[in-house]
Structure formats: structure tokens, C-alpha cells
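Engineer: You'll find start_13.txt just under this line, and it carries compact mmCIF, C-alpha atoms and all ligand atoms.
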```
# COMPACT_ATOMS: atom_id res chain seq x y z
CA MET A 1 -2.44 25.05 0.76
CA SER A 2 -2.86 22.72 -2.19
CA GLU A 3 -3.26 23.96 -5.75
CA THR A 4 -6.90 24.23 -6.75
CA ARG A 5 -8.64 23.75 -10.06
CA ALA A 6 -8.99 27.53 -10.36
CA ASP A 7 -5.18 27.94 -10.35
CA ALA A 8 -4.80 25.34 -13.02
CA VAL A 9 -7.13 27.04 -15.53
CA GLY A 10 -6.19 30.66 -14.74
CA VAL A 11 -9.50 31.62 -13.07
CA PRO A 12 -9.01 34.50 -10.59
CA ASP A 13 -8.06 33.13 -7.17
CA VAL A 14 -11.07 33.45 -4.89
CA ARG A 15 -9.73 31.22 -2.15
CA THR A 16 -9.81 32.52 1.33
CA ALA A 17 -8.06 31.28 4.38
CA HIS A 18 -11.19 29.30 5.18
CA GLN A 19 -10.58 26.64 2.63
CA ASP A 20 -8.36 24.02 4.23
CA LEU A 21 -7.47 26.26 7.11
CA HIS A 22 -9.22 27.58 10.18
CA SER A 23 -12.91 27.65 9.35
CA ALA A 24 -15.15 26.08 6.78
CA GLN A 25 -16.84 29.36 5.88
CA GLY A 26 -16.04 33.03 5.40
CA ALA A 27 -18.35 36.05 5.54
CA LEU A 28 -21.38 36.54 3.33
CA ARG A 29 -21.72 39.80 1.41
CA GLY A 30 -22.47 42.71 3.75
CA GLU A 31 -21.51 40.91 6.96
CA HIS A 32 -19.28 42.41 9.63
CA PRO A 33 -15.73 42.77 8.22
CA GLY A 34 -14.13 41.94 11.58
CA ARG A 35 -11.77 44.88 11.58
CA SER A 36 -11.87 48.68 11.68
CA ARG A 37 -10.84 50.80 8.69
CA ASN A 38 -9.07 53.35 10.85
CA PRO A 39 -8.53 52.32 14.48
CA VAL A 40 -7.17 54.80 17.03
CA ILE A 41 -4.22 52.53 17.92
CA LYS A 42 -3.27 48.87 17.52
CA VAL A 43 -2.50 47.30 20.90
CA ALA A 44 0.40 44.86 20.92
CA ASP A 45 -1.02 42.28 23.35
CA LEU A 46 -3.08 41.62 26.41
CA ALA A 47 -0.83 42.66 29.32
CA TRP A 48 -2.57 41.50 32.52
CA LEU A 49 -5.94 41.01 34.20
CA GLU A 50 -7.02 42.82 37.34
CA PHE A 51 -8.99 41.16 40.15
CA GLU A 52 -10.05 42.09 43.64
CA LYS A 53 -10.11 39.51 46.46
CA PRO A 54 -10.48 39.71 50.25
CA ASP A 55 -7.83 37.07 51.03
CA LEU A 56 -4.49 37.47 49.25
CA ASP A 57 -2.90 34.56 51.16
CA ARG A 58 -5.53 32.16 49.86
CA ALA A 59 -5.18 33.63 46.37
CA GLU A 60 -1.41 33.09 46.50
CA VAL A 61 -1.76 29.43 47.49
CA PHE A 62 -3.97 28.73 44.46
CA ALA A 63 -1.75 30.85 42.20
CA ARG A 64 1.32 28.77 43.10
CA ASP A 65 -0.60 25.50 42.71
CA PHE A 66 -1.91 26.60 39.31
CA GLY A 67 1.63 27.44 38.18
CA PHE A 68 2.08 31.21 38.48
CA GLY A 69 5.25 32.82 39.75
CA ILE A 70 5.04 35.74 42.18
CA ALA A 71 6.24 39.00 40.61
CA ALA A 72 5.55 41.18 43.65
CA ARG A 73 3.58 40.94 46.89
CA SER A 74 2.57 43.56 49.41
CA GLY A 75 -0.18 43.73 52.01
CA SER A 76 -2.59 45.06 49.42
CA GLU A 77 -1.42 43.64 46.07
CA LEU A 78 -0.35 40.33 44.60
CA TRP A 79 1.28 40.46 41.14
CA LEU A 80 1.46 37.11 39.33
CA ARG A 81 3.71 36.29 36.40
CA GLY A 82 4.73 33.62 33.94
CA THR A 83 8.22 32.46 33.04
CA PHE A 84 8.42 34.51 29.83
CA ALA A 85 10.00 37.95 29.90
CA GLY A 86 7.47 40.79 29.71
CA SER A 87 4.68 42.12 31.85
CA PRO A 88 3.00 40.34 34.77
CA CYS A 89 -0.11 38.20 33.99
CA MET A 90 -2.43 39.23 36.76
CA VAL A 91 -2.78 41.60 39.69
CA ILE A 92 -5.02 40.78 42.63
CA ARG A 93 -5.75 43.77 44.86
CA ARG A 94 -7.13 43.32 48.33
CA GLY A 95 -10.79 44.34 48.43
CA ARG A 96 -14.07 43.59 50.14
CA THR A 97 -15.42 41.22 47.51
CA SER A 98 -13.98 38.70 45.12
CA ARG A 99 -14.47 40.14 41.63
CA PHE A 100 -12.95 40.66 38.22
CA ILE A 101 -12.10 44.30 37.52
CA GLY A 102 -10.93 44.39 33.90
CA PRO A 103 -8.18 43.73 31.37
CA ALA A 104 -5.01 45.75 30.72
CA PHE A 105 -3.63 45.82 27.16
CA ARG A 106 -0.05 46.60 26.19
CA ALA A 107 0.48 49.61 23.93
CA ALA A 108 2.98 49.02 21.10
CA GLU A 109 4.70 52.32 21.91
CA ARG A 110 4.50 55.13 24.44
CA ALA A 111 3.14 57.60 21.86
CA ASP A 112 0.07 55.40 21.40
CA LEU A 113 -1.07 56.40 24.88
CA ASP A 114 -1.13 60.08 23.86
CA ARG A 115 -3.02 59.21 20.68
CA LEU A 116 -5.54 57.19 22.69
CA ALA A 117 -5.93 59.90 25.33
CA ARG A 118 -6.55 62.56 22.65
CA ALA A 119 -9.14 60.44 20.86
CA THR A 120 -11.08 59.41 23.99
CA GLY A 121 -10.73 62.47 26.23
CA ALA A 122 -8.92 60.37 28.86
CA SER A 123 -5.57 61.31 30.32
CA VAL A 124 -2.20 59.57 30.54
CA ARG A 125 -1.28 58.80 34.15
CA ASP A 126 1.38 56.88 36.04
CA ALA A 127 0.68 53.16 35.86
CA ASP A 128 0.38 51.26 39.12
CA VAL A 129 2.71 48.44 38.07
CA PRO A 130 6.03 47.11 39.49
CA GLY A 131 8.81 48.99 37.70
CA GLY A 132 6.51 51.86 36.71
CA GLY A 133 5.06 53.01 33.43
CA LYS A 134 2.16 54.97 32.00
CA ALA A 135 -1.48 54.07 31.49
CA VAL A 136 -4.73 55.33 29.98
CA ASP A 137 -7.95 54.25 31.72
CA LEU A 138 -10.99 53.64 29.53
CA LEU A 139 -14.42 52.09 29.99
CA ASP A 140 -15.71 49.64 27.38
CA PRO A 141 -19.41 49.64 26.37
CA SER A 142 -20.10 46.66 28.68
CA GLY A 143 -18.83 48.71 31.64
CA PHE A 144 -15.46 46.98 32.11
CA PRO A 145 -12.58 49.30 33.03
CA VAL A 146 -9.99 48.76 30.28
CA ARG A 147 -6.47 49.94 30.86
CA VAL A 148 -3.90 50.46 28.12
CA VAL A 149 -0.38 50.43 29.56
CA HIS A 150 3.19 51.10 28.57
CA CYS A 151 5.59 49.63 31.11
CA THR A 152 9.02 51.07 31.79
CA GLU A 153 10.55 47.75 32.80
CA GLU A 154 10.07 44.21 31.55
CA LEU A 155 10.22 41.30 33.95
CA PRO A 156 13.23 39.10 33.09
CA ALA A 157 12.64 35.53 31.88
CA LEU A 158 12.61 32.73 34.48
CA PRO A 159 13.63 29.08 34.08
CA GLU A 160 10.79 27.03 32.67
CA GLN A 161 9.63 23.47 32.20
CA GLN A 162 11.29 21.99 29.15
CA PRO A 163 9.10 20.20 26.61
CA LEU A 164 9.46 16.43 26.83
CA LEU A 165 11.51 14.63 24.22
CA LEU A 166 8.92 12.45 22.44
CA ASN A 167 9.37 9.32 20.37
CA PHE A 168 7.07 9.03 17.35
CA GLY A 169 6.99 6.14 14.90
CA THR A 170 10.49 5.43 13.75
CA GLY A 171 11.80 8.86 14.81
CA HIS A 172 13.56 7.81 18.02
CA ARG A 173 14.68 10.96 19.74
CA ARG A 174 14.83 9.47 23.25
CA THR A 175 16.70 6.23 23.89
CA ASN A 176 18.05 4.71 27.12
CA VAL A 177 16.14 7.35 29.09
CA ALA A 178 12.73 6.87 30.77
CA GLN A 179 9.93 9.36 30.29
CA ARG A 180 9.07 10.87 33.69
CA PRO A 181 7.08 14.12 33.49
CA PRO A 182 7.30 15.61 36.98
CA ARG A 183 4.13 15.66 39.13
CA GLU A 184 4.39 19.32 40.03
CA PRO A 185 2.47 22.51 39.26
CA SER A 186 2.46 23.40 35.57
CA ARG A 187 4.69 26.38 35.03
CA ILE A 188 2.70 29.23 33.44
CA GLN A 189 4.62 30.85 30.60
CA ARG A 190 2.30 33.77 29.85
CA LEU A 191 -1.27 35.06 29.79
CA GLY A 192 -3.01 34.04 26.56
CA HIS A 193 -6.59 35.34 26.55
CA VAL A 194 -9.61 36.47 28.47
CA VAL A 195 -13.24 35.67 27.64
CA LEU A 196 -16.01 38.11 28.57
CA GLU A 197 -19.79 37.94 28.41
CA THR A 198 -21.69 41.07 27.46
CA ARG A 199 -25.27 42.22 26.93
CA VAL A 200 -24.06 44.71 24.32
CA PHE A 201 -21.92 42.42 22.17
CA GLY A 202 -22.14 44.41 18.92
CA ARG A 203 -21.26 47.74 20.52
CA ALA A 204 -18.45 46.22 22.59
CA LEU A 205 -17.03 44.41 19.56
CA ASP A 206 -16.88 47.61 17.49
CA TRP A 207 -15.32 49.47 20.40
CA TYR A 208 -12.40 47.02 20.68
CA LEU A 209 -11.87 47.06 16.91
CA ASP A 210 -12.13 50.87 16.54
CA THR A 211 -10.30 51.89 19.71
CA LEU A 212 -7.65 49.19 20.20
CA GLY A 213 -7.28 48.08 16.56
CA MET A 214 -7.99 44.42 17.28
CA ILE A 215 -9.20 42.12 14.50
CA VAL A 216 -11.57 39.15 14.43
CA SER A 217 -10.28 35.62 13.82
CA ASP A 218 -13.64 33.82 14.05
CA PHE A 219 -17.27 34.86 14.38
CA LEU A 220 -20.00 32.61 15.76
CA PHE A 221 -23.70 33.21 15.10
CA LEU A 222 -26.90 31.71 16.52
CA ASP A 223 -28.32 28.97 14.35
CA GLY A 224 -31.11 30.41 12.20
CA GLN A 225 -30.23 33.99 13.24
CA ARG A 226 -27.14 34.67 11.13
CA GLY A 227 -28.93 37.63 9.51
CA ARG A 228 -28.98 39.39 12.89
CA GLY A 229 -25.18 39.31 13.03
CA PRO A 230 -22.63 37.42 15.10
CA THR A 231 -23.05 36.75 18.83
CA MET A 232 -19.49 35.70 19.61
CA ALA A 233 -16.08 36.81 18.35
CA PHE A 234 -12.56 35.49 18.86
CA ILE A 235 -10.39 38.59 18.57
CA ARG A 236 -6.64 38.94 18.09
CA CYS A 237 -4.15 41.79 18.06
CA ASP A 238 -3.10 43.18 14.69
CA GLN A 239 0.68 42.88 14.57
CA GLY A 240 0.91 42.98 10.79
CA GLY A 241 2.89 40.06 9.40
CA ARG A 242 3.86 38.80 12.86
CA ALA A 243 1.63 35.87 13.77
CA VAL A 244 -0.08 36.21 17.15
CA ASP A 245 -2.54 34.16 19.23
CA HIS A 246 -5.81 33.32 17.43
CA HIS A 247 -7.54 35.19 20.25
CA THR A 248 -6.39 37.37 23.11
CA LEU A 249 -9.96 38.47 23.76
CA ALA A 250 -13.15 36.50 23.13
CA MET A 251 -16.57 38.00 23.77
CA HIS A 252 -20.05 36.58 23.56
CA LEU A 253 -23.56 37.91 23.93
CA GLY A 254 -25.26 36.83 27.14
CA PRO A 255 -27.64 37.98 29.87
CA GLY A 256 -24.81 39.31 32.06
CA ASN A 257 -21.75 41.52 31.77
CA GLY A 258 -18.94 39.51 33.29
CA TYR A 259 -15.76 37.47 33.30
CA VAL A 260 -16.02 33.97 31.79
CA HIS A 261 -12.45 32.64 31.94
CA SER A 262 -8.83 33.47 31.29
CA ALA A 263 -6.16 31.23 29.79
CA TYR A 264 -2.46 30.74 30.50
CA GLN A 265 0.06 29.02 28.28
CA VAL A 266 2.11 26.11 29.61
CA THR A 267 4.83 24.04 27.94
CA ASP A 268 3.03 21.06 26.44
CA LEU A 269 0.35 18.40 26.85
CA ASP A 270 2.26 16.62 29.64
CA SER A 271 2.50 19.88 31.56
CA ILE A 272 -1.27 20.32 31.22
CA ALA A 273 -1.94 16.73 32.32
CA ALA A 274 0.64 16.39 35.12
CA GLY A 275 -0.16 19.91 36.40
CA GLY A 276 -3.83 18.92 36.30
CA GLU A 277 -3.16 15.83 38.42
CA TYR A 278 -1.35 18.06 40.88
CA LEU A 279 -4.39 20.38 41.12
CA ALA A 280 -6.83 17.44 41.43
CA GLU A 281 -4.76 15.90 44.24
CA ARG A 282 -5.08 19.17 46.15
CA GLY A 283 -8.86 19.11 45.83
CA TYR A 284 -9.36 21.78 43.19
CA GLN A 285 -12.32 21.38 40.84
CA ARG A 286 -11.68 20.65 37.18
CA SER A 287 -14.38 22.39 35.14
CA TRP A 288 -13.69 20.77 31.76
CA GLY A 289 -10.79 19.01 30.08
CA ILE A 290 -8.49 17.79 28.76
CA GLY A 291 -9.39 18.41 25.12
CA ARG A 292 -8.50 20.31 21.97
CA HIS A 293 -10.54 23.34 20.89
CA ILE A 294 -11.75 24.10 17.38
CA GLN A 295 -11.49 27.91 17.30
CA GLY A 296 -7.83 28.50 18.18
CA SER A 297 -7.02 24.74 18.28
CA GLN A 298 -5.54 24.90 21.78
CA LEU A 299 -5.08 21.87 24.00
CA PHE A 300 -7.12 22.96 27.03
CA ASP A 301 -7.92 22.15 30.64
CA TYR A 302 -10.27 24.36 32.70
CA TRP A 303 -10.13 24.75 36.49
CA ARG A 304 -12.05 26.64 39.18
CA ASP A 305 -10.12 28.71 41.69
CA PRO A 306 -11.38 28.84 45.32
CA ASP A 307 -13.65 31.79 44.38
CA ARG A 308 -15.06 29.84 41.40
CA PHE A 309 -13.29 31.95 38.78
CA MET A 310 -12.46 29.77 35.79
CA LEU A 311 -8.84 29.56 34.60
CA GLU A 312 -7.45 27.54 31.71
CA HIS A 313 -4.13 25.87 31.08
CA PHE A 314 -3.45 25.75 27.35
CA ALA A 315 -0.72 24.75 24.89
CA ASP A 316 -0.21 24.62 21.14
CA GLY A 317 -2.64 27.35 20.04
CA ASP A 318 -3.01 28.70 16.49
CA LEU A 319 -1.02 31.80 15.51
CA PHE A 320 -2.43 34.11 12.81
CA SER A 321 -0.88 37.06 11.00
CA CYS A 322 -3.09 40.01 10.01
CA ASP A 323 -3.75 38.51 6.55
CA LEU A 324 -6.44 36.04 7.55
CA GLU A 325 -10.09 37.01 7.19
CA PRO A 326 -12.61 36.02 9.88
CA GLY A 327 -14.23 32.60 9.78
CA TRP A 328 -17.98 32.20 10.38
CA ALA A 329 -19.61 29.23 12.12
CA PRO A 330 -22.80 28.50 14.09
CA MET A 331 -22.53 28.55 17.87
CA SER A 332 -22.85 25.11 19.46
CA THR A 333 -21.51 23.11 22.37
CA SER A 334 -20.29 20.35 20.08
CA GLY A 335 -18.35 23.03 18.17
CA LEU A 336 -16.20 23.80 21.22
CA ALA A 337 -13.81 20.87 20.89
CA GLN A 338 -12.28 18.53 18.32
CA TRP A 339 -11.78 15.89 21.00
CA GLY A 340 -12.10 15.59 24.75
CA PRO A 341 -14.86 14.73 27.21
CA PRO A 342 -18.28 16.34 26.61
CA ALA A 343 -18.44 19.95 27.79
CA THR A 344 -19.58 19.88 31.41
CA ARG A 345 -22.62 21.62 32.89
CA ASP A 346 -20.20 23.56 35.06
CA PHE A 347 -18.26 24.86 32.05
CA LEU A 348 -21.48 25.78 30.22
CA GLY A 349 -23.01 27.43 33.30
CA ALA A 350 -25.99 25.12 32.85
CA SER A 351 -27.06 25.16 36.51
CA PRO A 352 -28.24 28.75 36.87
CA SER A 353 -27.56 30.56 40.13
CA PRO A 354 -30.10 33.04 41.56
CA GLN A 355 -27.81 35.80 40.21
CA ARG A 356 -28.02 34.27 36.74
CA VAL A 357 -31.82 34.26 36.89
CA ARG A 358 -31.76 37.94 37.95
CA ASP A 359 -29.37 38.68 35.04
CA VAL A 360 -31.81 37.15 32.56
CA ILE A 361 -34.79 39.13 33.89
CA GLU A 362 -32.79 42.35 33.94
CA ALA A 363 -31.37 41.76 30.46
CA LEU A 364 -34.79 41.09 28.93
CA ARG A 365 -36.21 44.25 30.52
CA GLY A 366 -33.29 46.56 29.78
CA GLU A 367 -31.88 48.47 26.82
CA ASN A 368 -29.38 46.02 25.34
CA GLU A 369 -28.93 43.38 22.63
CA MET A 370 -30.63 40.51 24.48
CA ASP A 371 -34.19 39.59 23.56
CA PRO A 372 -36.31 36.42 23.85
CA ALA A 373 -35.27 35.10 20.41
CA ARG A 374 -31.59 35.46 21.23
CA LEU A 375 -32.02 33.97 24.69
CA LEU A 376 -33.73 30.96 23.11
CA GLY A 377 -30.97 30.76 20.49
CA LEU A 378 -28.29 30.75 23.21
CA LEU A 379 -30.11 28.00 25.14
CA LYS A 380 -30.41 25.97 21.94
CA ALA A 381 -26.70 26.45 21.18
CA ALA A 382 -25.81 25.19 24.69
CA LYS A 383 -27.69 21.96 23.98
CA SER A 384 -26.46 21.37 20.43
FE FE B 1 -10.09 29.72 26.47
```
Go through the file and emit its structure as C-alpha cells.

Structural biologist:
Amino acid sequence: MSETRADAVGVPDVRTAHQDLHSAQGALRGEHPGRSRNPVIKVADLAWLEFEKPDLDRAEVFARDFGFGIAARSGSELWLRGTFAGSPCMVIRRGRTSRFIGPAFRAAERADLDRLARATGASVRDADVPGGGKAVDLLDPSGFPVRVVHCTEELPALPEQQPLLLNFGTGHRRTNVAQRPPREPSRIQRLGHVVLETRVFGRALDWYLDTLGMIVSDFLFLDGQRGRGPTMAFIRCDQGGRAVDHHTLAMHLGPGNGYVHSAYQVTDLDSIAAGGEYLAERGYQRSWGIGRHIQGSQLFDYWRDPDRFMLEHFADGDLFSCDLEPGWAPMSTSGLAQWGPPATRDFLGASPSPQRVRDVIEALRGENEMDPARLLGLLKAAKS
């Protein structure tokens, strides 16, 4: 960060990370601090996501095309993984319907599970994961089952796609060799984040901060309604001085409680693009991409799986240590990307399904944080 006038004349330093860094604005006095004073535990990371699907064979075909490795497969379970050592990225259990169940977070240490169980009245049980481990099962205020796990065994690292050697300007790193990124599935390295929609955004936000010790990187608010508080948060794990993903969980207020998308890191831009060509050639539907986000800065490309769940390939995301305060910005469609094609109607969910219409009616009638002003604000944000 460059030296400011205040430094030069000895005025107390009132800079925040928002000048020159990740967001133009910080909080106003009295706004949500974006972290809990005394959380029960601090989770280390998002471990995996749990889904249910009727057809595991079909799920496996897409998983391989999208770039997952198979960690384990039985008649009733499909565990997907990335190339990095650690836990699997996703488990798909065979079930009657195709649905998202919930996220599993990784506890920093085994003792955290006891602490969490004591504080919530839950119990520590054997985790249903290859290699074994322990888990505590919770329910977040939106109704998602949230699992906190401590795994006995880590999956070993697998070979991965190497980043391409790039020539820039006069820095010639590659000579006498042609550039030929392979037209093959991207190779997923790891799970990055999950995005959830909730009717009880404020309650759910506080629950994740108080219970799992997560901290907010960026808040979004509805234009003209900042005084009513934020309606979206990009939330990271608090690993102290160790810089982690800008968000491992993002949540926004909406008429439904549900999965929005999940994101998986790949090697670089060529992996995103060549892997995207591979998916397009096989008839999969691109939802939105390729572009570069604002909050989190990731290069992104969004796809629909055969059950219309949205999954993202990403690379080159921001990494924040615990020192940065939350940024504040208005919610808008134009604020989703620094460059890339315009956000699609598919990505924005702009063609409402009958279920979506039912969600809106139910949300406006029920006890939750949605009301006509907020619904209007969300519609306005989608068009701005
Ligand atoms: Fe994302």
C-alpha cells in the first residue's frame, strides 16, 4: 500500500484494507462487525458437500467430465476428490430425489468437536467418510444440516495439470516449444466454496460466525436499504495470520432456502477454458463465463450438471488473513464481474420456475427476513 498524506504529517493512521485493496468502502459506525467476539470454535476449512441423487452412474460421468477424481465408489455412495491432499470434495449418496443436503466443515483439531458438542447439545459420532473420523451434526438456522468433521486419514495428493509456461512482454520463459493446452477435462484441485440462499440471512450469518468462528470478507446491501443491514456476505475461515480463500461460504437473502452453486479450483485460465471446451463439446450447459469476479477476484466459469445444479471452475482467487475488515458494497449484477460476458438469465435465475413462484409467496407470508421492500430491492439489484 502506498504512503498516504496522513503518514507524512504524523496524523493517526485511519486507513483500512479498503483503500487500494479489496473494497472501496468499510463499515459505517454501528454496522455488523463481520465476526464474533467469542466463537465456539474456528473451523479450518470447508471439507466437502453432501448431495443425494437417484443415478450415481450418471453423476459419475458428469463428475469425470467436470474434472473430479473418484475417491471411493460403492452401490450407494460416490466420493469425489481433487488432486490436492486432504479430504474429499463431495459425496453423492443414492436417494430418491436429486437434492443438496448440506456442507461439511473441517475442524482444526479433534478437541474442537467436543467443544462444539458441549456448546450445542449435539454428540460426537463416527463420521461416515472413507478412512474414518469423527463428526458433529448440527442444523443451521436456514435448516441445512451442517456437519463438522475430523478425519482420521487424509487422501494423498494426485498428479495434477501443470500451469502453462507463459511468455509476457520481453520475459521469454518459453522458447522453441509450442503452447498446446490439452483439450481434456480440467483437473479439480480442491473444493473452494459453496453459496447458499436463505430466508433468514441475518440469523444464519450470526450462527456461522458464533458457532464456527468464520469471519466476513465482504458484505453486500440492497441499494437504498443499507440501514436495514447486509443481505449478502462472503465469509472465510479464521486461520489467524495464514491467508485463506476470500470466501468458503457465501450466503444471500432470498425467497428460498437452497443451494446456489459450489466452486472448485483448477490450475489456471487455460485449464478453465480448455476444460470448458471439453464440457461444451459433450453438450453440457454453460451458465455463465468466462470472467473475473470482483468479490474474491476469481477467474470463473459456471456450468450446469445434468440435474441443473450449478458448479464453478475457478482459479486465482484472493487470499485474506484474519487482519482484513469486511468491505461493504451495494448488491448489483454489474458488480459481479470485472470483465466477462454479461451475467446470464440462467445464472441470475431470472426465468422463475413454478417452485420459485411458490417460494416467493411462502416467504412473503411466513416468519422470516423477506418482505415486499426487500423482494423489490433484490429484483432491482438483479437488473442493475
Ligand atoms: Fe462462486

Engineer: List as a VMD selection string the protein and nucleic acid residues lying within 12 Å of ligand FE 1 (chain B), with all atoms listed in the file counted.

Structural biologist: chain A and resid 191 to 196 234 to 235 245 to 251 259 to 265 288 to 289 291 to 303 310 to 315 317 336 to 337 347

Engineer: Please compute the CA of Val43 in chain A-CA of Arg199 in chain A distance, one decimal, in Å.

Structural biologist: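 So the answer is 24.1 Å.
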
Engineer: Would you kindly return, as an NGL selection string, each protein, DNA or RNA residue with an atom no farther than 6 Å from any atom of Phe221 in chain A, considering all atoms listed in the file and excluding same-chain residues fewer than 2 positions away?

Structural biologist: :A and (226 or 230-231 or 330-331)

Engineer: For the residues selected in the previous step, produce a file with C-alpha atoms as a tab-separated table (two decimals), in the coordinates of the input.

Structural biologist:
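This is the output file result39.tsv:
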```tsv
chain	number	residue	atom	x	y	z
A	226	ARG	CA	-27.14	34.67	11.13
A	230	PRO	CA	-22.63	37.42	15.10
A	231	THR	CA	-23.05	36.75	18.83
A	330	PRO	CA	-22.80	28.50	14.09
A	331	MET	CA	-22.53	28.55	17.87
```

Engineer: Tell me which residues come within 8 Å of (-25.6, 25.3, 34.0), as a list in words, counting all atoms listed in the file in the file's coordinates.

Structural biologist: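 Nearby residues: Arg345, Asp346, Phe347, Leu348, Gly349, Ala350, Ser351 and Pro352 of chain A.
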
Engineer: Go ahead and compute the interatomic distance for CA of Val136 in chain A and CA of Phe68 in chain A, in Å to one decimal.

Structural biologist: 26.5 Å

Engineer: Fewer than 5 positions away in the same chain doesn't count, so skip those; otherwise give me all residues within 8 Å of Arg304 in chain A, counting all atoms listed in the file, as a ChimeraX atom specification.

Structural biologist: /A:284-287,309-311

Engineer: Write out as a PyMOL selection string each polymer residue whose atoms come within 10 Å of Phe100 in chain A, counting only C-alpha atoms; drop sequence neighbours fewer than 6 positions from it.

Structural biologist: chain A and resi 49-53+92+144+258-260+309

Engineer: Kindly list the centre and edge lengths in Å, rounded to one decimal, for the axis-aligned box that covers all listed atoms of range 167-184 of chain A plus 5 Å on each of its six sides, as AutoDock Vina command-line options.

Structural biologist:
```
--center_x 11.1 --center_y 12.0 --center_z 26.9 --size_x 23.9 --size_y 24.6 --size_z 36.3
```

Engineer: Can you pull out the residues contacting Asp371 in chain A? Cut-off 12 Å, using all atoms listed in the file, and skip same-chain residues under 2 positions away; I want them as a VMD selection string.

Structural biologist: chain A and resid 199 to 200 228 253 to 255 360 to 369 373 to 378

Engineer: Determine the nearest neighbour of Gly131 in chain A from the options A:Cys151, A:Leu269, A:Ala274, A:Leu113, counting only C-alpha atoms.

Structural biologist: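 Of A:Cys151, A:Leu269, A:Ala274, A:Leu113, the one nearest Gly131 in chain A is A:Cys151, counting only C-alpha atoms.
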
Engineer: Residues near Glu154 in chain A, anyone? I mean within 9 Å using only C-alpha atoms, not counting same-chain ones fewer than 6 positions away, as a ChimeraX atom specification.

Structural biologist: /A:85-88,131

Engineer: Just C-alpha atoms for this one: save the residues we selected as a PDB file, in the frame of the given file.

Structural biologist:
```pdb
ATOM      1  CA  ALA A  85      10.000  37.950  29.900  1.00  0.00           C
ATOM      2  CA  GLY A  86       7.470  40.790  29.710  1.00  0.00           C
ATOM      3  CA  SER A  87       4.680  42.120  31.850  1.00  0.00           C
ATOM      4  CA  PRO A  88       3.000  40.340  34.770  1.00  0.00           C
ATOM      5  CA  GLY A 131       8.810  48.990  37.700  1.00  0.00           C
TER       6      GLY A 131
END
```

Engineer: I'd like the interatomic distance between CA of Glu77 in chain A and CA of Ser142 in chain A, to a tenth of an Å.

Structural biologist: 25.7 Å

Engineer: Tell me which of A:Cys322, A:Met90, A:Ala178, A:Ala273 sits closest to Ile215 in chain A, counting all atoms listed in the file.

Structural biologist: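 Smallest distance to Ile215 in chain A is found for A:Cys322.
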